[in-house]
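Visitor: Sharing a structure below in structure tokens format, with a few things to ask.
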Amino acid sequence: MSDGAVLVKTRKFMKNPLLARRQMIVDIIHPGRPNVPKKELQDVIGGMYKADAKLVTMFGFRTKFGGGKSTGFCLIYDNEEAMRKFEPKHRQIRAGFMEKKEQSRKAMKEAKNKGKKIRGTGASIAKHKAKRAADNE
């Protein structure tokens, strides 16, 4: 194989209708390359499974010792609504579906500690108020 060639194999394929997605483990053989960008892999797997590349999420990739082979996890959502509903926020930010909120470390800690002081049913209300106050700063 040349240094640009990449071989993509999937295993442990599973349909998950409750979460409206297909999930699998992805093995990538990439001799002569240190690793392969996730964007490139999204296009390849989207084509393999006749899905939109935007709805393909890839994470947890590890390169084997010595290089040339990587393994990771892939989710292909049935629609964008399901992706927004079930995908964690940090992965939605990476995919470009959400914007990251910039918040200072001090504001987050103050909100957390203020929420710890209130007990009982007022705790969730107090946390909400503390979060609002931190967002306004």
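All residue names refer to the structure tokens as shown: chains lettered A, B, ... in order, residues numbered from 1 in each chain, ligands numbered from 1 in order.
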Might you pull out every residue within 9 Å of range 27-42 of chain A, with only C-alpha atoms counted and same-chain residues fewer than 3 positions away left off, and present them as a PyMOL selection string?

Guide: chain A and resi 1-11+45-47+52-59+63+67-74

Visitor: Write the residues of the selection above to a file with C-alpha atoms, as a PDB file, in the first residue's frame.

Guide:
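To be explicit, this is the file written out as again-v8.pdb:
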```pdb
ATOM      1  CA  MET A   1       0.000   0.000   0.000  1.00  0.00           C
ATOM      2  CA  SER A   2       1.080   3.558  -0.599  1.00  0.00           C
ATOM      3  CA  ASP A   3       1.431   6.003   2.255  1.00  0.00           C
ATOM      4  CA  GLY A   4      -1.917   7.691   1.396  1.00  0.00           C
ATOM      5  CA  ALA A   5      -4.044   4.526   1.382  1.00  0.00           C
ATOM      6  CA  VAL A   6      -6.364   3.884   4.318  1.00  0.00           C
ATOM      7  CA  LEU A   7      -8.355   0.701   4.893  1.00  0.00           C
ATOM      8  CA  VAL A   8     -11.478   1.023   7.065  1.00  0.00           C
ATOM      9  CA  LYS A   9     -13.122  -2.050   8.592  1.00  0.00           C
ATOM     10  CA  THR A  10     -16.057  -2.199  10.979  1.00  0.00           C
ATOM     11  CA  ARG A  11     -16.932  -4.877  13.515  1.00  0.00           C
ATOM     12  CA  ILE A  45     -17.974   5.653   6.847  1.00  0.00           C
ATOM     13  CA  GLY A  46     -20.874   7.869   5.760  1.00  0.00           C
ATOM     14  CA  GLY A  47     -20.354   6.539   2.240  1.00  0.00           C
ATOM     15  CA  ASP A  52     -24.879  11.832   5.863  1.00  0.00           C
ATOM     16  CA  ALA A  53     -21.321  12.527   7.086  1.00  0.00           C
ATOM     17  CA  LYS A  54     -22.714  15.111   9.560  1.00  0.00           C
ATOM     18  CA  LEU A  55     -24.612  12.382  11.412  1.00  0.00           C
ATOM     19  CA  VAL A  56     -21.494  10.218  11.909  1.00  0.00           C
ATOM     20  CA  THR A  57     -19.778  10.621  15.288  1.00  0.00           C
ATOM     21  CA  MET A  58     -16.385   9.094  15.973  1.00  0.00           C
ATOM     22  CA  PHE A  59     -14.521   8.991  19.268  1.00  0.00           C
ATOM     23  CA  THR A  63      -3.287   3.988  17.782  1.00  0.00           C
ATOM     24  CA  GLY A  67       1.544   2.656  14.441  1.00  0.00           C
ATOM     25  CA  GLY A  68      -0.233   1.649  11.289  1.00  0.00           C
ATOM     26  CA  LYS A  69      -3.489   0.600  12.971  1.00  0.00           C
ATOM     27  CA  SER A  70      -6.064   2.525  15.001  1.00  0.00           C
ATOM     28  CA  THR A  71      -9.284   1.431  16.664  1.00  0.00           C
ATOM     29  CA  GLY A  72     -12.211   3.548  17.812  1.00  0.00           C
ATOM     30  CA  PHE A  73     -15.961   3.781  18.173  1.00  0.00           C
ATOM     31  CA  CYS A  74     -18.496   5.094  15.668  1.00  0.00           C
TER      32      CYS A  74
END
```

Visitor: So that I can check the surroundings of Glu110 in chain A, please list as a PyMOL selection string every protein, DNA and RNA residue that reaches within 9 Å of it, counting only C-alpha atoms and ignoring chain neighbours fewer than 5 positions away.

Guide: chain A and resi 105+115+130+134

Visitor: Write out the residues from the selection above, keeping N, CA and C atoms, as a PDB file, in the first residue's frame.

Guide:
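In the end it all went to again.pdb:
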```
ATOM      1  N   ARG A 105     -13.640  29.870  35.547  1.00  0.00           N
ATOM      2  CA  ARG A 105     -13.524  28.782  36.505  1.00  0.00           C
ATOM      3  C   ARG A 105     -14.102  29.209  37.860  1.00  0.00           C
ATOM      4  N   GLY A 115     -24.884  26.170  45.509  1.00  0.00           N
ATOM      5  CA  GLY A 115     -25.867  25.092  45.430  1.00  0.00           C
ATOM      6  C   GLY A 115     -25.718  24.079  46.547  1.00  0.00           C
ATOM      7  N   ALA A 130     -28.129  30.512  40.760  1.00  0.00           N
ATOM      8  CA  ALA A 130     -26.675  30.677  40.787  1.00  0.00           C
ATOM      9  C   ALA A 130     -26.101  30.580  39.378  1.00  0.00           C
ATOM     10  N   ALA A 134     -24.068  33.459  37.348  1.00  0.00           N
ATOM     11  CA  ALA A 134     -22.756  33.220  36.755  1.00  0.00           C
ATOM     12  C   ALA A 134     -22.751  33.559  35.271  1.00  0.00           C
TER      13      ALA A 134
END
```
